[in-house]
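Please read the structure below before turning to the comments.
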Amino acid sequence: AKYKANKDWSILVEQGRSDANAYNIANAIMFLYRGIDPSKVGSYGIRVGHYRVEKFAMLDTDYTKGTGHSVWGTRIGFVPAKNTSINLDYFVGKCPENSNKKLHGYAVTANFAF
């Protein structure tokens, strides 16, 4: 479900479930400011949120599918040219199965639509 508070702010809440007997739940809550539109050069967006995805579950967001971890993350996106987007993600979290295993990192992605 996505709730648009106004022109710039929205909240995204997702839940996923699989038929597996164990480790089958996924959920996310994200706060979004603006949002990129690949057809609009110069558009940008920021998203901050938390998601937890167990081994056999998935979410519709482009964050994760069946990874078995709980993460806080943020993304900054920008459209430098028509049909081109660049995203910078930063995340920190842990694995529910092994609380000693910490997650920390970043990712840079670029997309171009033909």
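Identifiers in this document derive from the order of the structure tokens: chains are assigned A, B, ..., residues are numbered from 1 separately in each chain, and ligands are numbered from 1 in order of occurrence.
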Next on the checklist: If DSSP is run on the backbone, what residues of chain A are strand (DSSP E)? A reply as JSON, numbers by chain would be ideal.
Outcome noted: {"A": [2, 3, 4, 9, 10, 11, 12, 13, 14, 15, 16, 17, 25, 26, 27, 28, 29, 30, 31, 32, 33, 34, 44, 45, 46, 47, 48, 49, 50, 51, 52, 53, 69, 70, 71, 72, 73, 74, 75, 76, 77, 78, 79, 80, 81, 84, 85, 86, 87, 88, 89, 90, 91, 92, 93, 94, 95, 98, 99, 100, 101, 102, 103, 104, 105, 106, 107, 108, 109, 110, 111, 112]}
How close does segment 27-112 of chain A get to segment 6-10 of chain A? List, as a Markdown table, each residue of segment 27-112 of chain A within 6 Å, its nearest atom pair and the distance in Å to one decimal, counting only C-alpha atoms.
```
| residue | atom | partner | partner_atom | distance |
| --- | --- | --- | --- | --- |
| A:Leu32 | CA | A:Ser10 | CA | 5.2 |
| A:Tyr33 | CA | A:Trp9 | CA | 4.7 |
| A:Arg34 | CA | A:Asp8 | CA | 4.4 |
```
Output for the residues just chosen: N, CA, C and O atoms as a PDB file, in the first residue's frame:
```pdb
ATOM      1  N   LEU A  32       9.204   8.143   1.571  1.00  0.00           N
ATOM      2  CA  LEU A  32       9.760   8.620   0.310  1.00  0.00           C
ATOM      3  C   LEU A  32       9.544  10.123   0.152  1.00  0.00           C
ATOM      4  O   LEU A  32       8.453  10.623   0.410  1.00  0.00           O
ATOM      5  N   TYR A  33      10.585  10.800  -0.291  1.00  0.00           N
ATOM      6  CA  TYR A  33      10.486  12.217  -0.634  1.00  0.00           C
ATOM      7  C   TYR A  33      10.680  12.338  -2.134  1.00  0.00           C
ATOM      8  O   TYR A  33      11.677  11.876  -2.681  1.00  0.00           O
ATOM      9  N   ARG A  34       9.701  12.895  -2.775  1.00  0.00           N
ATOM     10  CA  ARG A  34       9.661  13.067  -4.218  1.00  0.00           C
ATOM     11  C   ARG A  34       9.715  11.718  -4.912  1.00  0.00           C
ATOM     12  O   ARG A  34       8.822  10.932  -4.774  1.00  0.00           O
TER      13      ARG A  34
END
```
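Comparing A:Phe114, A:Phe78, A:Trp72, A:Tyr44 by their smallest distance to Gly93 of chain A, the closest is A:Trp72 (using only C-alpha atoms).
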Checklist entry - Which residues, written as a list in words, have at least one atom at most 9 Å from Lys40 of chain A, with only C-alpha atoms counted and residues fewer than 4 positions away on the same chain left out? => result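 In the requested format, the answer is Ile36, Val79, Pro80, Ala81, Lys82 and Asn83 of chain A.
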Export of the given selection (N, CA and C atoms) as a JSON list (two decimals), in the first residue's frame:
```
[["chain", "number", "residue", "atom", "x", "y", "z"],
["A", 36, "ILE", "N", 12.08, 9.59, -8.32],
["A", 36, "ILE", "CA", 12.61, 9.84, -9.65],
["A", 36, "ILE", "C", 11.59, 9.45, -10.71],
["A", 79, "VAL", "N", 18.10, 11.57, -11.89],
["A", 79, "VAL", "CA", 17.98, 11.32, -13.34],
["A", 79, "VAL", "C", 18.85, 12.34, -14.06],
["A", 80, "PRO", "N", 20.07, 11.92, -14.51],
["A", 80, "PRO", "CA", 20.98, 12.85, -15.18],
["A", 80, "PRO", "C", 20.66, 13.09, -16.65],
["A", 81, "ALA", "N", 19.98, 12.12, -17.27],
["A", 81, "ALA", "CA", 19.60, 12.23, -18.69],
["A", 81, "ALA", "C", 18.30, 11.46, -18.89],
["A", 82, "LYS", "N", 17.59, 11.77, -19.96],
["A", 82, "LYS", "CA", 16.31, 11.12, -20.21],
["A", 82, "LYS", "C", 16.47, 9.61, -20.23],
["A", 83, "ASN", "N", 15.57, 8.92, -19.54],
["A", 83, "ASN", "CA", 15.53, 7.46, -19.44],
["A", 83, "ASN", "C", 16.75, 6.85, -18.76]]
```
Checklist outcome for this item: Nearest to Ala110 of chain A, restricted to only C-alpha atoms and choosing among A:Ile86, A:Ile25, A:Val53, A:Val48, comes out as A:Ile86
